[in-house]
Each structure stands twice: as structure tokens, then as C-alpha cells.
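Read through the structure below, which is laid out as C-alpha cells, and then see the notes.
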Amino acid sequence: MEFSQLISSRYSVRAYKPVPVEEEKLQRVLEAARLAPTASNRQPFKLIVIPTAGREEELRKIYNKEWFVQAPYVICACAMPDEAWVRQGDQENYFMVDIGIVFDHLILAATELGLGTCWIAAFDHQAAREVLELSPEYVPVVFTPLGYPDKPPHDKRRKPLEVLVEHLDKQSTAQGE
Ligand SMILES: Cc1cc2nc3c(=O)[nH]c(=O)nc-3n(C[C@H](O)[C@H](O)[C@H](O)COP(=O)(O)O)c2cc1C
């Protein structure tokens, strides 16, 4: 799939077919996440792959939507902030950026393979810690189901480029230098 087609065909899938995901596809999705860049190459993350079958009740404590437990897998990206790169000066920890890139790699790889995903940040943080038995160094940042979509894509509602992009005037930039 062309990259431009890939990014336009990804959408938040909120209905999944009750069919398995091939092991090879799961591995390819995880490999895409592994290859993601992270600040200073610290790789301060852990991906937790949760087979859904038999865990529906526990998973609903984390995010209480029916479609969250429809797919064969739920994946959680956890950050390890103590291992992440911190910028000198303002001490900004970049773990959220790292996790965003890792997860986007995972999600776009899934899209290429015909699999559906949905970023989920509005989960119950405490329930996630308890259900996944996370030790204190792990911070659960985002979840997604992983499975075959059961609903077609919806239209993308996005702000126009004129609103989202600002082009610095070349002349004034040059003058400012
Ligand atoms: C960081 C992040 C967190 C999100 N959290 C949720 C969530 O908790 N629940 C949900 O249904 N969708 C969630 N979404 C999905 C967004 O609502 C969705 O990406 C956006 O509306 C654009 O739609 P699209 O993904 O179909 O293009 C999240 C997306 C991002 C990027």
C-alpha cells in the first residue's frame, strides 16, 4: 500500500469481527513498533499483548465499551519514564512522544495488513495498573484493540491546512537572520 493511501485509510475502528488475527500479522505489527525511533534511542517502553478471550470482564474494568473486547487482542503501550530521554535545561521528559511514535508505527502497520485499531487514552488508569499487574516503573499510556474491522471507515473531519499550518514569510525570515 502506498504511504499516502495508508495514512488516509487508517481510522478509529469501533466494531470488530470475532475472527482470529494471524500470528504472523501480530508479529509484523509488533516489529513495526520495535523499529520506531525514540529519543536518544532509549526505547523506554513495553508493549503488553492481551488475548481478549476469557478476559472480557477484567478488560471492561479498564475501558467499558463493548467494542473494546470484541477483537482477539488488546495491546497496551506502557512507558518507562525513568529510562526515557530528558532534555537538559528544562528537564522535559520525552516519554509521551516516544510512546506516540511507537504506537503510530504499530497502528499504521496494522492498517497495512487490513487490521483495525483505535487509540484509547480515556481508560481507567488504576484499573489498568491492577488488571495488568504493572510494577511501579511502568506507566500505561495508551491501549488499542487489534482485530478485523466490522464497520467501514467514516469521513475524516479535519481542520483545513490553512488553519493547521503557518508558513513563515521567506523574506522576513531572511531579514530576521
Ligand atoms: C491520543 C489519542 C487518544 C484517543 N483516545 C480515545 C479514546 O479513549 N476513546 C475513543 O473512542 N477514541 C479515542 N481516540 C480516537 C480519536 O477520537 C480519533 O482518532 C479522532 O476522532 C479522529 O478519528 P479517526 O481516528 O477515525 O481518524 C484517541 C485518539 C488519540 C490520537
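Residues in the C-alpha cells are named by chain (A, B, ... in the order shown) and by number from 1 within that chain; ligands are numbered from 1 in the order shown.
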Enumerate as a VMD selection string the residues within 6 Å of ligand 1, counting only C-alpha atoms and all ligand atoms. chain A and resid 11 to 12 118 to 122 156
Using only C-alpha atoms, which of the listed residues (A:Ile75, A:Ala84, A:Leu146, A:Leu26) sits closest to A:Arg14?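 Of the candidates, the smallest distance to A:Arg14 is held by A:Leu146.
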Could you work out how far atom CA of A:Ala39 lies from atom CA of A:Val86, giving the answer in Å with one decimal?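 These atoms are spaced 8.7 Å apart.
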Looking at A:Gln70, A:Gln126, A:Glu57, A:His105, which one is nearest to A:Glu31, with distances taken over only C-alpha atoms? A:His105
Atom pair atom CA of A:Glu112 / atom CA of A:Glu2: separation (Å):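 Separation between atom CA of A:Glu112 and atom CA of A:Glu2: 9.2 Å.
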Name the residues of chain A that come out as strand (DSSP E) in a backbone DSSP run; write them as a PyMOL selection string. chain A and resi 45-51+73-79+139-146
Could you take the residues named above and write them with N, CA and C atoms, as a short mmCIF file (atom, residue, chain, number, x, y, z; two decimals), in the first residue's frame?
data_model
loop_
_atom_site.label_atom_id
_atom_site.label_comp_id
_atom_site.auth_asym_id
_atom_site.auth_seq_id
_atom_site.Cartn_x
_atom_site.Cartn_y
_atom_site.Cartn_z
N PHE A 45 9.94 1.68 26.60
CA PHE A 45 8.55 1.23 26.54
C PHE A 45 8.44 -0.28 26.64
N LYS A 46 7.25 -0.70 26.95
CA LYS A 46 6.91 -2.13 26.96
C LYS A 46 5.52 -2.23 26.36
N LEU A 47 5.38 -3.15 25.39
CA LEU A 47 4.06 -3.40 24.81
C LEU A 47 3.49 -4.67 25.46
N ILE A 48 2.28 -4.58 25.93
CA ILE A 48 1.65 -5.74 26.55
C ILE A 48 0.54 -6.22 25.63
N VAL A 49 0.67 -7.46 25.17
CA VAL A 49 -0.32 -8.05 24.26
C VAL A 49 -1.25 -8.93 25.09
N ILE A 50 -2.53 -8.57 25.06
CA ILE A 50 -3.50 -9.25 25.92
C ILE A 50 -4.52 -10.00 25.04
N PRO A 51 -4.48 -11.32 25.03
CA PRO A 51 -5.55 -12.05 24.31
C PRO A 51 -6.87 -11.78 25.04
N TYR A 73 -7.30 -9.35 20.24
CA TYR A 73 -6.23 -8.82 21.10
C TYR A 73 -6.53 -7.38 21.53
N VAL A 74 -6.02 -7.07 22.71
CA VAL A 74 -5.90 -5.67 23.14
C VAL A 74 -4.42 -5.46 23.41
N ILE A 75 -3.89 -4.34 22.93
CA ILE A 75 -2.47 -4.04 23.17
C ILE A 75 -2.37 -2.77 24.00
N CYS A 76 -1.52 -2.83 25.00
CA CYS A 76 -1.27 -1.66 25.85
C CYS A 76 0.18 -1.22 25.67
N ALA A 77 0.38 0.07 25.46
CA ALA A 77 1.75 0.62 25.43
C ALA A 77 2.03 1.28 26.77
N CYS A 78 3.03 0.75 27.44
CA CYS A 78 3.46 1.33 28.71
C CYS A 78 4.77 2.07 28.52
N ALA A 79 4.91 3.19 29.20
CA ALA A 79 6.17 3.92 29.18
C ALA A 79 6.97 3.60 30.44
N VAL A 139 4.23 3.02 33.19
CA VAL A 139 3.08 3.92 33.12
C VAL A 139 2.25 3.53 31.91
N PRO A 140 1.01 3.04 32.12
CA PRO A 140 0.18 2.71 30.96
C PRO A 140 -0.25 4.00 30.27
N VAL A 141 0.02 4.09 28.97
CA VAL A 141 -0.24 5.36 28.25
C VAL A 141 -1.40 5.23 27.28
N VAL A 142 -1.45 4.13 26.54
CA VAL A 142 -2.49 4.01 25.53
C VAL A 142 -2.79 2.54 25.24
N PHE A 143 -4.04 2.29 24.88
CA PHE A 143 -4.49 0.94 24.52
C PHE A 143 -5.03 0.97 23.10
N THR A 144 -5.08 -0.22 22.48
CA THR A 144 -5.88 -0.41 21.26
C THR A 144 -6.35 -1.85 21.18
N PRO A 145 -7.56 -2.07 20.68
CA PRO A 145 -7.90 -3.42 20.25
C PRO A 145 -7.15 -3.69 18.95
N LEU A 146 -6.96 -4.96 18.62
CA LEU A 146 -6.35 -5.33 17.34
C LEU A 146 -7.17 -6.48 16.75
#
Please report, as a PDB file with N, CA and C atoms, in the first residue's frame, each residue of chain A to which DSSP assigns alpha helix (DSSP H) when run on this structure's backbone.
ATOM      1  N   PHE A   3       2.161   4.887   0.928  1.00  0.00           N
ATOM      2  CA  PHE A   3       2.097   5.522   2.247  1.00  0.00           C
ATOM      3  C   PHE A   3       0.926   6.497   2.349  1.00  0.00           C
ATOM      4  N   SER A   4       0.702   7.278   1.276  1.00  0.00           N
ATOM      5  CA  SER A   4      -0.399   8.256   1.323  1.00  0.00           C
ATOM      6  C   SER A   4      -1.753   7.549   1.458  1.00  0.00           C
ATOM      7  N   GLN A   5      -1.875   6.404   0.809  1.00  0.00           N
ATOM      8  CA  GLN A   5      -3.129   5.631   0.911  1.00  0.00           C
ATOM      9  C   GLN A   5      -3.263   5.045   2.328  1.00  0.00           C
ATOM     10  N   LEU A   6      -2.119   4.613   2.859  1.00  0.00           N
ATOM     11  CA  LEU A   6      -2.111   4.035   4.209  1.00  0.00           C
ATOM     12  C   LEU A   6      -2.616   5.043   5.242  1.00  0.00           C
ATOM     13  N   ILE A   7      -2.069   6.254   5.204  1.00  0.00           N
ATOM     14  CA  ILE A   7      -2.471   7.206   6.244  1.00  0.00           C
ATOM     15  C   ILE A   7      -3.897   7.701   6.049  1.00  0.00           C
ATOM     16  N   SER A   8      -4.375   7.693   4.799  1.00  0.00           N
ATOM     17  CA  SER A   8      -5.764   8.135   4.643  1.00  0.00           C
ATOM     18  C   SER A   8      -6.753   7.001   4.927  1.00  0.00           C
ATOM     19  N   SER A   9      -6.302   5.750   4.857  1.00  0.00           N
ATOM     20  CA  SER A   9      -7.254   4.657   5.113  1.00  0.00           C
ATOM     21  C   SER A   9      -7.331   4.267   6.592  1.00  0.00           C
ATOM     22  N   GLU A  23      -0.963 -15.078  13.619  1.00  0.00           N
ATOM     23  CA  GLU A  23       0.233 -14.846  14.435  1.00  0.00           C
ATOM     24  C   GLU A  23       1.279 -14.026  13.664  1.00  0.00           C
ATOM     25  N   GLU A  24       1.431 -14.336  12.354  1.00  0.00           N
ATOM     26  CA  GLU A  24       2.423 -13.629  11.545  1.00  0.00           C
ATOM     27  C   GLU A  24       2.098 -12.126  11.465  1.00  0.00           C
ATOM     28  N   LYS A  25       0.805 -11.820  11.352  1.00  0.00           N
ATOM     29  CA  LYS A  25       0.411 -10.405  11.289  1.00  0.00           C
ATOM     30  C   LYS A  25       0.667  -9.714  12.627  1.00  0.00           C
ATOM     31  N   LEU A  26       0.375 -10.405  13.716  1.00  0.00           N
ATOM     32  CA  LEU A  26       0.649  -9.827  15.038  1.00  0.00           C
ATOM     33  C   LEU A  26       2.134  -9.505  15.165  1.00  0.00           C
ATOM     34  N   GLN A  27       2.968 -10.440  14.728  1.00  0.00           N
ATOM     35  CA  GLN A  27       4.418 -10.228  14.837  1.00  0.00           C
ATOM     36  C   GLN A  27       4.871  -9.046  13.975  1.00  0.00           C
ATOM     37  N   ARG A  28       4.277  -8.892  12.785  1.00  0.00           N
ATOM     38  CA  ARG A  28       4.666  -7.780  11.902  1.00  0.00           C
ATOM     39  C   ARG A  28       4.271  -6.435  12.500  1.00  0.00           C
ATOM     40  N   VAL A  29       3.132  -6.413  13.145  1.00  0.00           N
ATOM     41  CA  VAL A  29       2.672  -5.186  13.805  1.00  0.00           C
ATOM     42  C   VAL A  29       3.616  -4.815  14.962  1.00  0.00           C
ATOM     43  N   LEU A  30       4.005  -5.821  15.727  1.00  0.00           N
ATOM     44  CA  LEU A  30       4.903  -5.568  16.872  1.00  0.00           C
ATOM     45  C   LEU A  30       6.298  -5.176  16.391  1.00  0.00           C
ATOM     46  N   GLU A  31       6.725  -5.780  15.274  1.00  0.00           N
ATOM     47  CA  GLU A  31       8.040  -5.454  14.717  1.00  0.00           C
ATOM     48  C   GLU A  31       8.084  -3.991  14.256  1.00  0.00           C
ATOM     49  N   ALA A  32       6.987  -3.517  13.689  1.00  0.00           N
ATOM     50  CA  ALA A  32       6.933  -2.110  13.266  1.00  0.00           C
ATOM     51  C   ALA A  32       7.117  -1.195  14.472  1.00  0.00           C
ATOM     52  N   ALA A  33       6.518  -1.563  15.586  1.00  0.00           N
ATOM     53  CA  ALA A  33       6.672  -0.766  16.815  1.00  0.00           C
ATOM     54  C   ALA A  33       8.125  -0.816  17.295  1.00  0.00           C
ATOM     55  N   ARG A  34       8.731  -1.984  17.203  1.00  0.00           N
ATOM     56  CA  ARG A  34      10.121  -2.144  17.662  1.00  0.00           C
ATOM     57  C   ARG A  34      11.071  -1.248  16.883  1.00  0.00           C
ATOM     58  N   GLU A  56     -12.653 -10.725  29.162  1.00  0.00           N
ATOM     59  CA  GLU A  56     -13.540  -9.607  28.824  1.00  0.00           C
ATOM     60  C   GLU A  56     -13.918  -8.784  30.062  1.00  0.00           C
ATOM     61  N   GLU A  57     -14.256  -9.486  31.144  1.00  0.00           N
ATOM     62  CA  GLU A  57     -14.732  -8.775  32.337  1.00  0.00           C
ATOM     63  C   GLU A  57     -13.634  -7.876  32.919  1.00  0.00           C
ATOM     64  N   GLU A  58     -12.424  -8.423  32.991  1.00  0.00           N
ATOM     65  CA  GLU A  58     -11.289  -7.652  33.512  1.00  0.00           C
ATOM     66  C   GLU A  58     -10.995  -6.449  32.618  1.00  0.00           C
ATOM     67  N   LEU A  59     -11.037  -6.702  31.302  1.00  0.00           N
ATOM     68  CA  LEU A  59     -10.719  -5.615  30.360  1.00  0.00           C
ATOM     69  C   LEU A  59     -11.757  -4.498  30.416  1.00  0.00           C
ATOM     70  N   ARG A  60     -13.011  -4.876  30.662  1.00  0.00           N
ATOM     71  CA  ARG A  60     -14.060  -3.845  30.762  1.00  0.00           C
ATOM     72  C   ARG A  60     -13.824  -2.912  31.946  1.00  0.00           C
ATOM     73  N   LYS A  61     -13.117  -3.406  32.963  1.00  0.00           N
ATOM     74  CA  LYS A  61     -12.776  -2.526  34.094  1.00  0.00           C
ATOM     75  C   LYS A  61     -11.816  -1.434  33.626  1.00  0.00           C
ATOM     76  N   ILE A  62     -11.031  -1.742  32.610  1.00  0.00           N
ATOM     77  CA  ILE A  62     -10.064  -0.770  32.087  1.00  0.00           C
ATOM     78  C   ILE A  62     -10.756   0.234  31.177  1.00  0.00           C
ATOM     79  N   PHE A  95       8.953  10.861  27.192  1.00  0.00           N
ATOM     80  CA  PHE A  95       8.383   9.515  27.059  1.00  0.00           C
ATOM     81  C   PHE A  95       7.060   9.507  26.299  1.00  0.00           C
ATOM     82  N   MET A  96       6.261  10.552  26.444  1.00  0.00           N
ATOM     83  CA  MET A  96       4.970  10.584  25.729  1.00  0.00           C
ATOM     84  C   MET A  96       5.175  10.664  24.207  1.00  0.00           C
ATOM     85  N   VAL A  97       6.182  11.400  23.794  1.00  0.00           N
ATOM     86  CA  VAL A  97       6.480  11.481  22.359  1.00  0.00           C
ATOM     87  C   VAL A  97       6.936  10.112  21.865  1.00  0.00           C
ATOM     88  N   ASP A  98       7.828   9.473  22.621  1.00  0.00           N
ATOM     89  CA  ASP A  98       8.308   8.140  22.234  1.00  0.00           C
ATOM     90  C   ASP A  98       7.138   7.167  22.078  1.00  0.00           C
ATOM     91  N   ILE A  99       6.264   7.149  23.052  1.00  0.00           N
ATOM     92  CA  ILE A  99       5.130   6.214  23.009  1.00  0.00           C
ATOM     93  C   ILE A  99       4.235   6.540  21.814  1.00  0.00           C
ATOM     94  N   GLY A 100       4.037   7.829  21.540  1.00  0.00           N
ATOM     95  CA  GLY A 100       3.195   8.220  20.403  1.00  0.00           C
ATOM     96  C   GLY A 100       3.751   7.687  19.095  1.00  0.00           C
ATOM     97  N   ILE A 101       5.065   7.778  18.926  1.00  0.00           N
ATOM     98  CA  ILE A 101       5.674   7.303  17.675  1.00  0.00           C
ATOM     99  C   ILE A 101       5.594   5.772  17.586  1.00  0.00           C
ATOM    100  N   VAL A 102       5.924   5.125  18.685  1.00  0.00           N
ATOM    101  CA  VAL A 102       5.877   3.645  18.718  1.00  0.00           C
ATOM    102  C   VAL A 102       4.467   3.162  18.369  1.00  0.00           C
ATOM    103  N   PHE A 103       3.483   3.793  18.994  1.00  0.00           N
ATOM    104  CA  PHE A 103       2.110   3.334  18.784  1.00  0.00           C
ATOM    105  C   PHE A 103       1.627   3.663  17.379  1.00  0.00           C
ATOM    106  N   ASP A 104       2.041   4.783  16.856  1.00  0.00           N
ATOM    107  CA  ASP A 104       1.632   5.120  15.490  1.00  0.00           C
ATOM    108  C   ASP A 104       2.235   4.123  14.491  1.00  0.00           C
ATOM    109  N   HIS A 105       3.489   3.723  14.711  1.00  0.00           N
ATOM    110  CA  HIS A 105       4.090   2.682  13.861  1.00  0.00           C
ATOM    111  C   HIS A 105       3.231   1.415  13.916  1.00  0.00           C
ATOM    112  N   LEU A 106       2.881   1.026  15.124  1.00  0.00           N
ATOM    113  CA  LEU A 106       2.091  -0.200  15.316  1.00  0.00           C
ATOM    114  C   LEU A 106       0.748  -0.091  14.583  1.00  0.00           C
ATOM    115  N   ILE A 107       0.114   1.044  14.735  1.00  0.00           N
ATOM    116  CA  ILE A 107      -1.229   1.233  14.179  1.00  0.00           C
ATOM    117  C   ILE A 107      -1.199   1.314  12.652  1.00  0.00           C
ATOM    118  N   LEU A 108      -0.195   1.962  12.107  1.00  0.00           N
ATOM    119  CA  LEU A 108      -0.109   2.044  10.642  1.00  0.00           C
ATOM    120  C   LEU A 108       0.261   0.678  10.048  1.00  0.00           C
ATOM    121  N   ALA A 109       1.103  -0.077  10.738  1.00  0.00           N
ATOM    122  CA  ALA A 109       1.427  -1.428  10.259  1.00  0.00           C
ATOM    123  C   ALA A 109       0.170  -2.296  10.264  1.00  0.00           C
ATOM    124  N   ALA A 110      -0.630  -2.158  11.305  1.00  0.00           N
ATOM    125  CA  ALA A 110      -1.886  -2.925  11.374  1.00  0.00           C
ATOM    126  C   ALA A 110      -2.802  -2.541  10.213  1.00  0.00           C
ATOM    127  N   THR A 111      -2.880  -1.254   9.917  1.00  0.00           N
ATOM    128  CA  THR A 111      -3.740  -0.782   8.820  1.00  0.00           C
ATOM    129  C   THR A 111      -3.297  -1.408   7.501  1.00  0.00           C
ATOM    130  N   GLU A 112      -1.973  -1.441   7.291  1.00  0.00           N
ATOM    131  CA  GLU A 112      -1.461  -2.009   6.045  1.00  0.00           C
ATOM    132  C   GLU A 112      -1.876  -3.478   5.881  1.00  0.00           C
ATOM    133  N   HIS A 125      -6.980   4.399  34.662  1.00  0.00           N
ATOM    134  CA  HIS A 125      -5.548   4.210  34.900  1.00  0.00           C
ATOM    135  C   HIS A 125      -5.288   3.198  36.023  1.00  0.00           C
ATOM    136  N   GLN A 126      -6.028   3.351  37.104  1.00  0.00           N
ATOM    137  CA  GLN A 126      -5.826   2.478  38.268  1.00  0.00           C
ATOM    138  C   GLN A 126      -6.208   1.027  37.928  1.00  0.00           C
ATOM    139  N   ALA A 127      -7.349   0.889  37.207  1.00  0.00           N
ATOM    140  CA  ALA A 127      -7.782  -0.462  36.807  1.00  0.00           C
ATOM    141  C   ALA A 127      -6.739  -1.097  35.893  1.00  0.00           C
ATOM    142  N   ALA A 128      -6.165  -0.308  34.997  1.00  0.00           N
ATOM    143  CA  ALA A 128      -5.134  -0.839  34.096  1.00  0.00           C
ATOM    144  C   ALA A 128      -3.949  -1.353  34.910  1.00  0.00           C
ATOM    145  N   ARG A 129      -3.530  -0.583  35.895  1.00  0.00           N
ATOM    146  CA  ARG A 129      -2.391  -0.999  36.740  1.00  0.00           C
ATOM    147  C   ARG A 129      -2.693  -2.320  37.432  1.00  0.00           C
ATOM    148  N   GLU A 130      -3.931  -2.428  37.941  1.00  0.00           N
ATOM    149  CA  GLU A 130      -4.286  -3.621  38.713  1.00  0.00           C
ATOM    150  C   GLU A 130      -4.463  -4.842  37.808  1.00  0.00           C
ATOM    151  N   VAL A 131      -5.227  -4.672  36.737  1.00  0.00           N
ATOM    152  CA  VAL A 131      -5.513  -5.823  35.861  1.00  0.00           C
ATOM    153  C   VAL A 131      -4.226  -6.344  35.219  1.00  0.00           C
ATOM    154  N   LEU A 161      -5.779  22.817   6.040  1.00  0.00           N
ATOM    155  CA  LEU A 161      -4.341  23.091   6.176  1.00  0.00           C
ATOM    156  C   LEU A 161      -4.051  24.543   6.533  1.00  0.00           C
ATOM    157  N   GLU A 162      -4.873  25.462   5.987  1.00  0.00           N
ATOM    158  CA  GLU A 162      -4.625  26.895   6.259  1.00  0.00           C
ATOM    159  C   GLU A 162      -4.696  27.182   7.761  1.00  0.00           C
ATOM    160  N   VAL A 163      -5.514  26.404   8.470  1.00  0.00           N
ATOM    161  CA  VAL A 163      -5.647  26.608   9.914  1.00  0.00           C
ATOM    162  C   VAL A 163      -4.496  25.927  10.656  1.00  0.00           C
ATOM    163  N   LEU A 164      -4.058  24.782  10.130  1.00  0.00           N
ATOM    164  CA  LEU A 164      -3.097  23.944  10.856  1.00  0.00           C
ATOM    165  C   LEU A 164      -1.645  24.299  10.572  1.00  0.00           C
ATOM    166  N   LYS A 170       9.293  33.979   3.730  1.00  0.00           N
ATOM    167  CA  LYS A 170      10.717  33.751   3.464  1.00  0.00           C
ATOM    168  C   LYS A 170      11.518  35.033   3.622  1.00  0.00           C
ATOM    169  N   GLN A 171      10.933  36.126   3.103  1.00  0.00           N
ATOM    170  CA  GLN A 171      11.660  37.393   3.132  1.00  0.00           C
ATOM    171  C   GLN A 171      11.911  37.844   4.575  1.00  0.00           C
ATOM    172  N   SER A 172      10.828  37.776   5.384  1.00  0.00           N
ATOM    173  CA  SER A 172      11.005  38.266   6.741  1.00  0.00           C
ATOM    174  C   SER A 172      11.916  37.341   7.537  1.00  0.00           C
ATOM    175  N   THR A 173      11.893  36.018   7.188  1.00  0.00           N
ATOM    176  CA  THR A 173      12.810  35.099   7.861  1.00  0.00           C
ATOM    177  C   THR A 173      14.246  35.494   7.542  1.00  0.00           C
ATOM    178  N   ALA A 174      14.463  35.748   6.246  1.00  0.00           N
ATOM    179  CA  ALA A 174      15.809  36.119   5.831  1.00  0.00           C
ATOM    180  C   ALA A 174      16.236  37.416   6.524  1.00  0.00           C
ATOM    181  N   GLN A 175      15.282  38.363   6.632  1.00  0.00           N
ATOM    182  CA  GLN A 175      15.629  39.631   7.282  1.00  0.00           C
ATOM    183  C   GLN A 175      15.944  39.429   8.760  1.00  0.00           C
ATOM    184  N   GLY A 176      15.217  38.447   9.325  1.00  0.00           N
ATOM    185  CA  GLY A 176      15.404  38.200  10.760  1.00  0.00           C
ATOM    186  C   GLY A 176      16.728  37.550  11.087  1.00  0.00           C
TER     187      GLY A 176
END
Proximity check stretch 6-27 of chain A to stretch 150-154 of chain A, 6 Å, nearest pairs one decimal Å, only C-alpha atoms, as JSON lines:
{"residue": "A:Ala15", "atom": "CA", "partner": "A:Asp150", "partner_atom": "CA", "distance": 5.1}
{"residue": "A:Tyr16", "atom": "CA", "partner": "A:Asp150", "partner_atom": "CA", "distance": 4.6}
{"residue": "A:Lys17", "atom": "CA", "partner": "A:Asp150", "partner_atom": "CA", "distance": 5.2}
Could you dump the residues just selected with N, CA, C and O atoms as a PDB file, in the first residue's frame?
ATOM      1  N   ALA A  15     -15.749  -1.329  15.990  1.00  0.00           N
ATOM      2  CA  ALA A  15     -16.521  -2.578  15.864  1.00  0.00           C
ATOM      3  C   ALA A  15     -15.594  -3.602  15.209  1.00  0.00           C
ATOM      4  O   ALA A  15     -14.954  -3.294  14.195  1.00  0.00           O
ATOM      5  N   TYR A  16     -15.518  -4.798  15.817  1.00  0.00           N
ATOM      6  CA  TYR A  16     -14.576  -5.820  15.332  1.00  0.00           C
ATOM      7  C   TYR A  16     -15.289  -7.143  15.075  1.00  0.00           C
ATOM      8  O   TYR A  16     -16.238  -7.495  15.790  1.00  0.00           O
ATOM      9  N   LYS A  17     -14.785  -7.868  14.050  1.00  0.00           N
ATOM     10  CA  LYS A  17     -15.310  -9.198  13.763  1.00  0.00           C
ATOM     11  C   LYS A  17     -14.711 -10.199  14.757  1.00  0.00           C
ATOM     12  O   LYS A  17     -13.526 -10.080  15.105  1.00  0.00           O
TER      13      LYS A  17
END
Fewer than 5 positions away in the same chain doesn't count, so skip those; otherwise give me all residues within 9 Å of A:Trp85, counting only C-alpha atoms, as an MDAnalysis selection string. chainID A and resid 38:42 44 92:95
Close residues, A:Glu137 itself excluded, 9 Å, only C-alpha atoms, min 5 positions apart in chain, as a PyMOL selection string: chain A and resi 79-82
Let me see the file: selected residues, all heavy atoms, as an mmCIF file, in the first residue's frame.
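Output below, filename again.cif:
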data_model
loop_
_atom_site.group_PDB
_atom_site.id
_atom_site.type_symbol
_atom_site.label_atom_id
_atom_site.label_comp_id
_atom_site.auth_asym_id
_atom_site.auth_seq_id
_atom_site.Cartn_x
_atom_site.Cartn_y
_atom_site.Cartn_z
ATOM 1 N N ALA A 79 4.907 3.191 29.199
ATOM 2 C CA ALA A 79 6.175 3.925 29.177
ATOM 3 C C ALA A 79 6.968 3.604 30.439
ATOM 4 O O ALA A 79 6.395 3.228 31.462
ATOM 5 C CB ALA A 79 5.908 5.419 29.110
ATOM 6 N N MET A 80 8.282 3.770 30.329
ATOM 7 C CA MET A 80 9.165 3.666 31.487
ATOM 8 C C MET A 80 9.894 5.006 31.605
ATOM 9 O O MET A 80 11.017 5.160 31.102
ATOM 10 C CB MET A 80 10.140 2.513 31.292
ATOM 11 C CG MET A 80 9.400 1.172 31.222
ATOM 12 S SD MET A 80 10.125 0.089 30.048
ATOM 13 C CE MET A 80 11.338 -0.704 31.093
ATOM 14 N N PRO A 81 9.232 5.989 32.223
ATOM 15 C CA PRO A 81 9.772 7.362 32.227
ATOM 16 C C PRO A 81 11.190 7.466 32.792
ATOM 17 O O PRO A 81 11.974 8.300 32.336
ATOM 18 C CB PRO A 81 8.779 8.132 33.101
ATOM 19 C CG PRO A 81 7.515 7.344 33.018
ATOM 20 C CD PRO A 81 7.929 5.907 32.874
ATOM 21 N N ASP A 82 11.533 6.601 33.735
ATOM 22 C CA ASP A 82 12.885 6.679 34.319
ATOM 23 C C ASP A 82 13.972 6.287 33.319
ATOM 24 O O ASP A 82 15.151 6.571 33.533
ATOM 25 C CB ASP A 82 12.999 5.776 35.559
ATOM 26 C CG ASP A 82 12.169 6.305 36.706
ATOM 27 O OD1 ASP A 82 11.728 7.477 36.629
ATOM 28 O OD2 ASP A 82 11.940 5.551 37.672
#
Given only C-alpha atoms as the counted atoms, nearest of A:Gln43, A:Ser135, A:Gln88, A:Thr52 to A:Trp67: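 Going through A:Gln43, A:Ser135, A:Gln88, A:Thr52 one by one, the smallest distance to A:Trp67 is for A:Thr52.
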